[in-house]
Every structure is written in structure tokens, then in C-alpha cells.
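Data block for protein_25.cif (mmCIF, C-alpha atoms):
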data_protein
loop_
_atom_site.label_atom_id
_atom_site.label_comp_id
_atom_site.auth_asym_id
_atom_site.auth_seq_id
_atom_site.Cartn_x
_atom_site.Cartn_y
_atom_site.Cartn_z
CA MET A 1 1.77 15.19 36.16
CA LYS A 2 3.85 16.08 33.09
CA ARG A 3 5.71 12.80 32.87
CA PRO A 4 2.78 10.57 31.82
CA TRP A 5 1.95 12.97 28.99
CA LEU A 6 5.54 12.95 27.87
CA VAL A 7 5.53 9.15 27.83
CA LEU A 8 2.24 9.08 25.90
CA ALA A 9 3.44 11.59 23.31
CA GLY A 10 6.87 9.96 23.13
CA GLY A 11 5.31 6.58 22.37
CA LEU A 12 3.15 8.02 19.60
CA ALA A 13 6.11 9.92 18.13
CA ALA A 14 8.23 6.76 18.24
CA ALA A 15 5.49 4.82 16.41
CA LEU A 16 5.22 7.48 13.70
CA LEU A 17 8.96 7.69 13.24
CA ALA A 18 9.28 3.90 13.12
CA TYR A 19 6.48 3.70 10.54
CA GLY A 20 8.00 6.40 8.34
CA GLY A 21 11.50 5.02 8.65
CA SER A 22 10.62 1.42 7.88
CA TYR A 23 8.39 2.51 4.98
CA PHE A 24 11.17 4.68 3.56
CA ILE A 25 13.76 1.91 3.85
CA GLY A 26 11.38 -0.81 2.63
CA SER A 27 10.28 1.10 -0.45
CA ALA A 28 13.78 2.33 -1.38
CA PRO A 29 14.48 -0.46 -3.94
CA CYS A 30 11.18 0.27 -5.66
CA ARG A 31 11.89 4.00 -5.74
CA SER A 32 15.31 3.38 -7.26
CA LEU A 33 13.64 1.34 -10.04
CA GLU A 34 11.22 4.16 -10.77
CA ASP A 35 14.03 6.70 -10.79
CA SER A 36 16.15 4.75 -13.28
CA LYS A 37 16.36 5.78 -16.95
CA THR A 38 14.32 2.81 -18.12
CA PRO A 39 12.19 1.66 -15.16
CA GLU A 40 10.64 -1.26 -17.07
CA LEU A 41 14.03 -2.73 -17.96
CA ALA A 42 15.35 -2.04 -14.47
CA TRP A 43 12.37 -3.97 -13.15
CA LEU A 44 13.14 -6.81 -15.60
CA GLN A 45 16.71 -6.99 -14.32
CA LYS A 46 15.58 -7.12 -10.71
CA GLU A 47 12.68 -9.51 -11.27
CA PHE A 48 14.72 -12.04 -13.26
CA HIS A 49 18.01 -11.57 -11.38
CA ILE A 50 19.94 -10.59 -14.52
CA PRO A 51 23.67 -9.88 -14.03
CA ASP A 52 24.91 -6.51 -15.32
CA ALA A 53 26.76 -7.86 -18.39
CA GLU A 54 23.70 -9.79 -19.58
CA PHE A 55 21.48 -6.84 -18.79
CA THR A 56 23.55 -4.61 -21.08
CA ARG A 57 23.03 -7.11 -23.92
CA ILE A 58 19.30 -7.34 -23.16
CA SER A 59 19.02 -3.53 -23.19
CA LYS A 60 20.62 -3.49 -26.64
CA LEU A 61 18.30 -6.26 -27.88
CA HIS A 62 15.35 -4.31 -26.49
CA GLU A 63 16.41 -1.12 -28.24
CA ASP A 64 16.90 -2.89 -31.58
CA TYR A 65 13.59 -4.69 -31.23
CA LEU A 66 11.67 -1.47 -30.56
CA ALA A 67 13.24 0.21 -33.59
CA GLY A 68 12.15 -2.71 -35.81
CA CYS A 69 8.77 -2.80 -34.14
CA ALA A 70 8.13 0.86 -34.97
CA GLU A 71 8.92 0.17 -38.63
CA ARG A 72 6.58 -2.86 -38.72
CA CYS A 73 3.79 -0.86 -37.09
CA ARG A 74 4.25 1.88 -39.69
CA ARG A 75 3.85 -0.71 -42.47
CA ILE A 76 0.73 -2.18 -40.81
CA ASP A 77 -0.79 1.30 -40.47
CA ALA A 78 -0.07 2.02 -44.15
CA LYS A 79 -1.63 -1.29 -45.19
CA ASN A 80 -4.70 -0.62 -43.02
CA ALA A 81 -5.06 2.83 -44.60
CA ASP A 82 -5.01 1.24 -48.08
CA LEU A 83 -7.61 -1.27 -46.97
CA GLN A 84 -9.88 1.48 -45.63
CA LYS A 85 -9.69 3.27 -49.01
CA MET A 86 -10.67 0.07 -50.83
CA LEU A 87 -13.53 -0.64 -48.39
CA ALA A 88 -14.95 2.87 -48.85
CA GLY A 89 -15.95 2.29 -52.46
CA ALA A 90 -16.61 -1.49 -52.43
CA GLY A 91 -19.90 -3.37 -52.18
CA ALA A 92 -18.32 -6.82 -51.91
CA VAL A 93 -15.02 -8.54 -51.14
CA THR A 94 -13.02 -7.90 -54.26
CA PRO A 95 -9.77 -9.70 -55.12
CA GLY A 96 -7.97 -6.44 -54.24
CA ILE A 97 -9.56 -6.34 -50.78
CA GLU A 98 -8.81 -10.02 -50.24
CA GLN A 99 -5.17 -9.42 -51.14
CA ALA A 100 -4.99 -6.39 -48.81
CA LEU A 101 -6.46 -8.45 -45.95
CA LEU A 102 -3.92 -11.20 -46.57
CA ASP A 103 -1.09 -8.67 -46.65
CA ALA A 104 -2.28 -7.10 -43.38
CA ALA A 105 -2.52 -10.54 -41.76
CA ARG A 106 0.96 -11.42 -43.03
CA LEU A 107 2.34 -8.21 -41.56
CA ARG A 108 0.69 -8.92 -38.21
CA ALA A 109 2.10 -12.45 -38.22
CA GLU A 110 5.56 -11.02 -39.01
CA CYS A 111 5.14 -8.67 -36.10
CA GLN A 112 4.26 -11.49 -33.72
CA LYS A 113 7.08 -13.63 -35.07
CA ALA A 114 9.57 -10.81 -34.42
CA MET A 115 8.16 -10.37 -30.92
CA LEU A 116 8.48 -14.08 -30.17
CA GLN A 117 12.00 -14.09 -31.61
CA HIS A 118 12.87 -11.19 -29.31
CA PHE A 119 11.51 -13.09 -26.30
CA TYR A 120 13.66 -16.10 -27.17
CA GLU A 121 16.77 -13.97 -27.58
CA VAL A 122 16.15 -12.21 -24.27
CA SER A 123 15.44 -15.48 -22.46
CA GLN A 124 18.61 -17.04 -23.85
CA THR A 125 20.64 -14.08 -22.61
CA MET A 126 19.35 -14.63 -19.06
CA PRO A 127 20.57 -17.31 -16.65
CA PRO A 128 18.85 -20.54 -17.84
CA GLU A 129 16.35 -20.93 -15.01
CA GLN A 130 15.35 -17.27 -15.15
CA GLY A 131 15.18 -17.45 -18.94
CA ARG A 132 12.59 -20.22 -18.74
CA ARG A 133 10.63 -18.28 -16.15
CA TYR A 134 10.77 -15.11 -18.28
CA LEU A 135 9.61 -16.95 -21.39
CA ALA A 136 6.64 -18.52 -19.60
CA TRP A 137 5.73 -15.19 -18.00
CA VAL A 138 6.00 -13.01 -21.10
CA THR A 139 4.30 -15.38 -23.54
CA ALA A 140 1.38 -15.85 -21.14
CA ARG A 141 0.90 -12.07 -21.08
CA THR A 142 1.31 -11.47 -24.81
CA LEU A 143 0.52 -14.34 -27.14
CA GLY A 144 -1.51 -16.20 -24.54
CA SER A 145 -3.69 -13.25 -23.61
CA GLN A 146 -5.02 -12.04 -26.96
CA HIS A 147 -7.67 -14.65 -27.48
CA ALA A 148 -8.69 -14.41 -23.84
CA ILE A 149 -9.15 -10.65 -24.27
CA MET A 150 -11.35 -11.20 -27.32
CA THR A 151 -13.58 -13.74 -25.60
CA SER A 152 -13.81 -11.89 -22.27
CA ASP A 153 -14.88 -8.62 -23.90
CA PRO A 154 -18.71 -8.30 -23.95
CA HIS A 155 -18.37 -6.65 -27.36
CA ALA A 156 -15.95 -9.33 -28.54
CA ALA A 157 -15.71 -10.02 -32.23
CA HIS A 158 -16.66 -13.64 -31.65
CA GLU A 159 -17.62 -15.99 -28.87
CA HIS A 160 -17.09 -19.68 -28.37
CA ARG A 161 -20.24 -21.52 -27.43
CA SER A 162 -20.21 -25.17 -26.34
CA GLU A 163 -23.72 -25.92 -27.50
CA MET B 164 -22.18 42.95 63.41
CA LYS B 165 -21.02 40.17 65.67
CA PRO B 166 -21.92 40.73 69.28
CA GLU B 167 -18.93 41.26 71.56
CA ILE B 168 -18.26 38.25 73.79
CA SER B 169 -16.45 38.95 76.96
CA SER B 170 -13.59 36.73 78.04
CA GLU B 171 -15.61 35.63 81.05
CA GLU B 172 -18.52 34.46 78.84
CA ASN B 173 -16.04 32.79 76.50
CA SER B 174 -14.42 30.76 79.22
CA ALA B 175 -17.86 29.80 80.57
CA LEU B 176 -18.90 28.58 77.09
CA ARG B 177 -15.73 26.53 76.81
CA LYS B 178 -16.39 24.95 80.15
CA ILE B 179 -19.95 23.98 79.18
CA LEU B 180 -18.78 22.56 75.84
CA ARG B 181 -16.14 20.44 77.59
CA GLU B 182 -18.72 19.04 79.91
CA TRP B 183 -21.23 18.33 77.05
CA LYS B 184 -21.66 14.67 76.19
CA VAL B 185 -23.74 13.16 73.36
CA GLY B 186 -26.20 10.82 74.94
CA SER B 187 -28.02 9.38 71.89
CA PRO B 188 -26.32 6.36 70.21
CA LEU B 189 -25.11 6.47 66.58
CA ALA B 190 -27.20 4.79 63.90
CA PRO B 191 -26.18 1.18 63.13
CA ARG B 192 -23.26 0.90 60.62
CA PHE B 193 -22.89 4.69 60.74
CA ASP B 194 -19.18 4.63 59.72
CA GLU B 195 -19.80 2.36 56.77
CA GLN B 196 -22.62 4.55 55.49
CA VAL B 197 -20.45 7.62 55.68
CA TRP B 198 -17.72 5.97 53.64
CA GLN B 199 -20.24 4.78 51.09
CA ARG B 200 -21.56 8.31 50.65
CA ILE B 201 -18.03 9.58 50.15
CA ALA B 202 -17.36 6.85 47.56
CA ARG B 203 -20.60 7.66 45.70
CA ALA B 204 -19.71 11.34 45.59
CA GLU B 205 -16.27 10.52 44.17
CA ASP B 206 -17.74 8.15 41.56
CA THR B 207 -20.16 10.74 40.18
CA ALA B 208 -17.32 13.25 39.85
CA ALA B 209 -15.03 10.84 37.93
CA THR B 210 -15.61 11.31 34.16
CA PRO B 211 -14.02 8.87 31.69
CA TRP B 212 -11.39 11.50 30.95
CA ILE B 213 -10.46 11.80 34.64
CA LEU B 214 -10.41 8.02 34.97
CA PHE B 215 -8.11 7.76 31.95
CA ARG B 216 -5.86 10.51 33.26
CA ASN B 217 -5.61 8.87 36.63
CA TRP B 218 -4.99 5.49 35.09
CA MET B 219 -2.29 6.92 32.82
CA ALA B 220 -0.62 8.78 35.64
CA GLU B 221 -0.59 5.64 37.72
CA ALA B 222 0.54 3.35 34.87
CA PHE B 223 3.28 5.54 33.44
CA ALA B 224 4.64 6.32 36.86
CA ARG B 225 6.06 2.81 36.72
CA PRO B 226 9.16 2.81 34.46
CA ALA B 227 8.61 -0.76 33.27
CA MET B 228 5.12 0.11 32.07
CA ALA B 229 6.33 3.27 30.30
CA VAL B 230 9.15 1.43 28.55
CA GLY B 231 6.78 -1.38 27.55
CA TYR B 232 4.28 1.08 26.10
CA VAL B 233 6.91 2.88 24.01
CA THR B 234 8.39 -0.43 22.84
CA VAL B 235 5.03 -1.81 21.74
CA LEU B 236 4.23 1.35 19.77
CA LEU B 237 7.70 1.37 18.23
CA LEU B 238 7.33 -2.24 17.09
CA ALA B 239 3.82 -1.60 15.78
CA GLY B 240 5.14 1.34 13.74
CA LEU B 241 8.01 -0.73 12.36
CA ILE B 242 5.77 -3.63 11.36
CA ALA B 243 3.08 -1.41 9.83
CA GLY B 244 5.67 0.61 7.87
CA SER B 245 7.47 -2.41 6.46
CA TRP B 246 4.17 -4.14 5.63
CA GLN B 247 2.95 -1.04 3.82
CA ALA B 248 6.27 -0.71 1.96
CA ARG B 249 6.08 -4.33 0.90
CA ALA B 250 2.51 -3.95 -0.38
CA SER B 251 3.29 -0.79 -2.33
CA SER B 252 6.47 -2.37 -3.77
CA GLU B 253 4.44 -5.32 -4.98
CA ARG B 254 1.93 -3.00 -6.62
CA ALA B 255 4.67 -0.96 -8.26
CA GLY B 256 6.40 -4.16 -9.44
CA ALA B 257 3.19 -5.43 -11.03
CA ALA B 258 2.67 -2.06 -12.73
CA LEU B 259 6.23 -2.06 -14.10
CA GLY B 260 5.77 -5.62 -15.36
CA SER B 261 2.62 -4.54 -17.23
CA ARG B 262 4.46 -1.55 -18.66
CA TYR B 263 7.25 -3.82 -19.90
CA VAL B 264 4.69 -6.05 -21.65
CA GLN B 265 3.05 -2.98 -23.21
CA MET B 266 6.44 -1.87 -24.50
CA VAL B 267 7.23 -5.13 -26.28
CA ASP B 268 3.78 -6.23 -27.44
CA PRO B 269 2.59 -4.18 -30.42
CA TYR B 270 -1.00 -5.16 -29.66
CA GLN B 271 -0.84 -3.75 -26.13
CA MET B 272 1.45 -0.78 -26.63
CA PRO B 273 0.25 2.75 -27.28
CA ARG B 274 0.86 3.62 -30.95
CA HIS B 275 4.51 4.56 -31.73
#
Could you render the structure from this file as C-alpha cells?
Amino acid sequence: MKRPWLVLAGGLAAALLAYGGSYFIGSAPCRSLEDSKTPELAWLQKEFHIPDAEFTRISKLHEDYLAGCAERCRRIDAKNADLQKMLAGAGAVTPGIEQALLDAARLRAECQKAMLQHFYEVSQTMPPEQGRRYLAWVTARTLGSQHAIMTSDPHAAHEHRSE
Amino acid sequence: MKPEISSEENSALRKILREWKVGSPLAPRFDEQVWQRIARAEDTAATPWILFRNWMAEAFARPAMAVGYVTVLLLAGLIAGSWQARASSERAGAALGSRYVQMVDPYQMPRH
């Protein structure tokens, strides 16, 4: 009477082992991405099939871009702080406030221009087909998404009405 | 206390018993009714657990059935594991893609 129980337990053990083994093997590439030094860039390399040499160049571009980005953000923060000071004591839009708003907008535009420039450089470093795919993907999620975020937010700054 | 039976009385009893014949006929379908009563008694004793145990013992006694059972479970485990790995890899990939976008877009990134 022992044999049927052994078969029953053996089948269940085999199923569990097979599940664990296939999960472990199937998720290994993903785990190796997460374990890498820069998981986001490792993902980029895998997703867009970037050869190692090109990936090294893209990593350098990425590093340089982030350094510049930090500096631009610092300037935007400083400009916003100035603007807040002016707004605190003002009862109307003064020429000073108008100039500060224009400066802040110019800085934001510079920021977006640098971002777009970075996307072009990265896409041109990739194999052509993947570069086009990357550009479409990344612009849809950055420049293409901002207005959608504003209009989908119930507390959005403005809404478009087709009345 | 059992009363003592002498060997003479014993042999006389045996003789009478040998000569005894049942005169009255059996009820119609007597055999069938007896078997039905036996079957009913067995049915009421068989719980689902006992039925399962008996079925399992009978099924797994056949090597082909045992091998088939283990193979099916093995395949089910393999398919479920790889499907689960694929789903979690897709989720992790989407999360890494979002993190990349947050890194490069100053309007989505956490402040430097």
C-alpha cells in the first residue's frame, strides 16, 4: 500500500521542482539586469539590442547628460526661488516678475532641448532600426506625455473643452 | 459452566444432524437478495476517502498510469513556472523602462 503514496508524493514533488526550476531559469535574465550596476541602462541595452561597443558610448552619453541635467535643474530651482521672493511682495505682474517667468520658461525649454538632443545622440549610436524604435518610445513617454498628464489630472491646471 | 457431554451423546447428536434435512423451500431470488445486502453494507462503509484510496491504489498499481501521472504533473510545473517567470520578467522590464525615463526626463525624475 506504500507504493501509491510514493507515486502521489513523487508526482507532487516533481511538479514543485519543475515549477521552481523553470521559474529560476526563466527569470535569470531579469535578475541579472537587476543585479547590474546600472539596471536601467542594462535594460536599455537588452531592450534595444545594443552591441557592447555602442553601449559603452551610450553609457558615457548618459553620464554626461545627467551631469548637465543636474546643473540645469539647479539653475531652474534658483530661478524659481527668485520668482517666489518676487511673488511674496507683489500685488500684480510687475516687469520683474514677467522677466523672471520668461527666464524660467527659457530654462525649462533649454532643459527639454538638451533632453531631446540626448535622445537623438543615443538613438544615433544604436543600430538604425533600434534607434528609430528607441526615439519613438522615449519621446512618447517624455515629451508626448506631459500634456496628457496635465489634462488627465482632475486637478489639472487647464482643460480642453470642445464646446 | 458448560454441561459435560458424553462421547455417546455427542455421536448421537452428530448422527441426528447428518440425517436432518431442511424441508421448507428458500424464498424466491434468495441468493440475489443476499448479495444485494452485502453490496449495500459495503457501500455504506465506503467513505470518499476510502474510495479515493482504493482508486489510487488500483490506478498507481499500473506502471503506465503512474508514469503518466508524474509526467503530467512535471509538465504542468514546467509550464506554470516558465509562464510565471515570463510574466514577472515583463513586469520587471516595464518597471525598468519607467525608471530609465524617470532618469532622463527632468519633469519625471526625483529632484537631484
Using only C-alpha atoms: which of B:Pro188, B:Gly231, B:Gly244, B:Pro226 has the shortest distance to chain A
B:Gly244
Interface list for chain A, partner chain B, 9 Å threshold, only C-alpha atoms, as number ranges by chain:
A: 1-5, 7-8, 10-31, 34, 39-41, 43-44, 47, 62, 65-66, 69-70, 73-74, 111-112, 115, 118, 138, 141-143, 146
Minimum-distance residue to A:Arg75, chosen among A:Lys37, A:Lys113, A:Arg132, A:Arg106 (using all atoms listed in the file)
A:Arg106
Let me have the centre and edge lengths in Å, one decimal, of the box along x, y and z around every listed atom of stretch 83-86 of chain A with 8 Å of margin on each side, as lines of an AutoDock Vina configuration file.
center_x = -9.1
center_y = 1.0
center_z = -48.2
size_x = 19.1
size_y = 20.5
size_z = 21.2
Figure out the distance between atom CA of A:Gly68 and atom CA of A:Pro51, please, to one decimal in Å.
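Taking atom CA of A:Pro51 as the start and atom CA of A:Gly68 as the end point, the length is 25.7 Å.
Residues lying at most 12 Å from (-1.1, -10.3, -43.3) in file coordinates, with all atoms listed in the file considered, are A:Arg72, A:Arg75, A:Ile76, A:Asp77, A:Lys79, A:Asn80, A:Leu83, A:Ile97, A:Glu98, A:Gln99, A:Ala100, A:Leu101, A:Leu102, A:Asp103, A:Ala104, A:Ala105, A:Arg106, A:Leu107, A:Arg108, A:Ala109, A:Glu110, A:Cys111, A:Gln112.
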Quick one, how far is atom CA of A:Lys46 from atom CA of A:Leu33?
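Between atom CA of A:Lys46 and atom CA of A:Leu33 the gap works out to 8.7 Å.
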Å distance separating atom CA of A:Gln117 from atom CA of A:Leu135, one decimal place
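Separating atom CA of A:Gln117 from atom CA of A:Leu135 is a distance of 10.9 Å.
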Test item: the PyMOL selection byres ((chain A and resi 120-129) around 10) resolved as number ranges by chain:
A: 45, 48-51, 53-55, 57-59, 61-62, 114-119, 130-136, 138
Is there a way to complete stretch 221-253 of chain B with N, CA and C atoms and then write that out as a tab-separated table (two decimals), keeping the file's coordinate frame?
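What follows is the written file part31.tsv:
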chain	number	residue	atom	x	y	z
B	221	GLU	N	-0.99	6.75	36.86
B	221	GLU	CA	-0.59	5.64	37.72
B	221	GLU	C	0.28	4.64	36.94
B	222	ALA	N	-0.17	4.37	35.67
B	222	ALA	CA	0.54	3.35	34.87
B	222	ALA	C	1.93	3.84	34.47
B	223	PHE	N	2.00	5.06	33.95
B	223	PHE	CA	3.28	5.54	33.44
B	223	PHE	C	4.23	6.00	34.54
B	224	ALA	N	3.73	6.01	35.76
B	224	ALA	CA	4.64	6.32	36.86
B	224	ALA	C	5.61	5.16	37.06
B	225	ARG	N	5.18	3.98	36.60
B	225	ARG	CA	6.06	2.81	36.72
B	225	ARG	C	6.95	2.74	35.47
B	226	PRO	N	8.27	2.80	35.63
B	226	PRO	CA	9.16	2.81	34.46
B	226	PRO	C	8.97	1.61	33.54
B	227	ALA	N	8.75	0.44	34.11
B	227	ALA	CA	8.61	-0.76	33.27
B	227	ALA	C	7.41	-0.62	32.34
B	228	MET	N	6.34	-0.07	32.87
B	228	MET	CA	5.12	0.11	32.07
B	228	MET	C	5.37	1.14	30.96
B	229	ALA	N	6.05	2.22	31.29
B	229	ALA	CA	6.33	3.27	30.30
B	229	ALA	C	7.21	2.73	29.18
B	230	VAL	N	8.24	2.00	29.56
B	230	VAL	CA	9.15	1.43	28.55
B	230	VAL	C	8.40	0.42	27.68
B	231	GLY	N	7.57	-0.39	28.29
B	231	GLY	CA	6.78	-1.38	27.55
B	231	GLY	C	5.86	-0.72	26.54
B	232	TYR	N	5.21	0.35	26.98
B	232	TYR	CA	4.28	1.08	26.10
B	232	TYR	C	5.01	1.64	24.88
B	233	VAL	N	6.15	2.29	25.12
B	233	VAL	CA	6.91	2.88	24.01
B	233	VAL	C	7.42	1.78	23.08
B	234	THR	N	7.87	0.67	23.66
B	234	THR	CA	8.39	-0.43	22.84
B	234	THR	C	7.30	-1.03	21.95
B	235	VAL	N	6.13	-1.23	22.53
B	235	VAL	CA	5.03	-1.81	21.74
B	235	VAL	C	4.67	-0.88	20.58
B	236	LEU	N	4.57	0.41	20.85
B	236	LEU	CA	4.23	1.35	19.77
B	236	LEU	C	5.33	1.41	18.71
B	237	LEU	N	6.56	1.35	19.17
B	237	LEU	CA	7.70	1.37	18.23
B	237	LEU	C	7.65	0.15	17.31
B	238	LEU	N	7.42	-1.01	17.89
B	238	LEU	CA	7.33	-2.24	17.09
B	238	LEU	C	6.14	-2.20	16.14
B	239	ALA	N	5.01	-1.69	16.64
B	239	ALA	CA	3.82	-1.60	15.78
B	239	ALA	C	4.10	-0.70	14.59
B	240	GLY	N	4.78	0.42	14.83
B	240	GLY	CA	5.14	1.34	13.74
B	240	GLY	C	6.06	0.68	12.74
B	241	LEU	N	7.06	-0.05	13.25
B	241	LEU	CA	8.01	-0.73	12.36
B	241	LEU	C	7.31	-1.76	11.48
B	242	ILE	N	6.47	-2.56	12.11
B	242	ILE	CA	5.77	-3.63	11.36
B	242	ILE	C	4.81	-3.03	10.33
B	243	ALA	N	4.04	-2.02	10.76
B	243	ALA	CA	3.08	-1.41	9.83
B	243	ALA	C	3.81	-0.75	8.66
B	244	GLY	N	4.91	-0.07	8.93
B	244	GLY	CA	5.67	0.61	7.87
B	244	GLY	C	6.25	-0.37	6.88
B	245	SER	N	6.84	-1.46	7.39
B	245	SER	CA	7.47	-2.41	6.46
B	245	SER	C	6.39	-3.18	5.69
B	246	TRP	N	5.27	-3.46	6.33
B	246	TRP	CA	4.17	-4.14	5.63
B	246	TRP	C	3.63	-3.25	4.51
B	247	GLN	N	3.47	-1.98	4.82
B	247	GLN	CA	2.95	-1.04	3.82
B	247	GLN	C	3.94	-0.89	2.67
B	248	ALA	N	5.24	-0.83	3.00
B	248	ALA	CA	6.27	-0.71	1.96
B	248	ALA	C	6.26	-1.93	1.06
B	249	ARG	N	6.10	-3.09	1.68
B	249	ARG	CA	6.08	-4.33	0.90
B	249	ARG	C	4.88	-4.35	-0.06
B	250	ALA	N	3.72	-3.95	0.46
B	250	ALA	CA	2.51	-3.95	-0.38
B	250	ALA	C	2.66	-2.95	-1.53
B	251	SER	N	3.19	-1.78	-1.24
B	251	SER	CA	3.29	-0.79	-2.33
B	251	SER	C	4.39	-1.19	-3.32
B	252	SER	N	5.44	-1.89	-2.84
B	252	SER	CA	6.47	-2.37	-3.77
B	252	SER	C	5.90	-3.42	-4.70
B	253	GLU	N	5.07	-4.29	-4.14
B	253	GLU	CA	4.44	-5.32	-4.98
B	253	GLU	C	3.55	-4.70	-6.05
